[in-house]
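Beneath this line is the structure, given in structure tokens, with notes to follow.
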Amino acid sequence: MTGSGTCADVCRELGIECLSFDIRDGKDATSRQSYVGLGEFDFVWLHPPYWRQKVYTDDPMDLSNAASLRDFLLRYTSLIAVVRWRMAAGGKLAILMGDYSDREAGYCPLIYHTQRLCFEFGLVQKHTQIIRFSHGASSSGRVYKSSFIPGLHDVCTIMERPVS
Ligand SMILES: C[S@@+](CC[C@H](N)C(=O)[O-])C[C@H]1O[C@@H](n2cnc3c(N)ncnc32)[C@H](O)[C@@H]1O
């Protein structure tokens, strides 16, 4: 889920070996086939779409194209499952995710689902979550007629694959 390539850029700067791909390259991160021959990973960084908050491509396997929350969560489940499978024992997984809402689907607690799925696949959390504030978000400076709590942050959850 390379996107513009921030993670790969940071790895290059730090001299860390990095493999990065995106559905735009025709590689689906939810498919086992995409990982053939890549070996095991000590650290995985994932920044998936926050469902349809922003649609990235028209590829049917793009998570941002999921037609329903249920469909998104099925694909998200496959993503966590395949990543868990490729993680080295003691390896870390960091996922940046934000909650999403719209009129049709209502409030979708995607940060909760991230933790839930990681636990379901046997990963353990040993650190507090990291909150990223979106101070530049357009909703942070606007005055609204109705009262609601604007979502102005996303959350990085760090999980570990136990050694045994
Ligand atoms: C939130 S963006 C990542 C932004 C990235 N952190 C950056 O530096 O720009 C999510 C990315 O996931 C990609 N994506 C969506 N579904 C995917 C899939 N099934 N396999 C691989 N990449 C996917 C999208 O094309 C998009 O580039």
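Letters A, B, ... go to the chains of the structure tokens in the order shown; residues in each chain start at 1; ligands are counted from 1 in the same order.
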Q.
I'd like the contact shell of region 108-120 of chain A - 7 Å cut-off, only C-alpha atoms, skipping same-chain residues fewer than 6 positions apart - returned as a list in words.
A.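 Near region 108-120 of chain A, the qualifying residues are Thr77, Ile80, Met97, Gly98, Asp99, Tyr100, Ser101 and Val155 of chain A.
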Q: Compute the set of protein, DNA and RNA residues whose minimum atom distance to ligand 1 is at most 6 Å, using only C-alpha atoms and all ligand atoms, and state it as a PyMOL selection string.
A: chain A and resi 1-6+22-24+27-30+47-49+56+61-64
(Q) Taking only chain A into account, list the residues labelled strand (DSSP E) by DSSP (computed from the backbone), as JSON, numbers by chain. (A) {"A": [41, 42, 43, 44, 45, 46, 87, 88, 89, 90, 91, 92, 93, 94, 95, 96, 97, 100, 101, 102, 106, 107, 108, 124, 125, 130, 131, 132, 133, 153, 154, 155, 156, 157, 158, 159, 160]}
(Q) Just want the 12 Å neighbourhood of Lys92 (chain A), counted on only C-alpha atoms, with same-chain residues fewer than 2 positions away dropped. Output as a count of residues only. (A) 29
Q) How far is it from CA of Leu93 (chain A) to CA of Pro150 (chain A), in Å with one decimal? A)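 It comes out at 27.9 Å.
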Q) Which one is closest to Ser34 (chain A): A:Pro60, A:Leu79, A:Trp51, A:Leu14? Count only C-alpha atoms. A) A:Leu79
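Taking CA of Ser68 (chain A) as the reference point, CA of Asp102 (chain A) is found at 11.8 Å.
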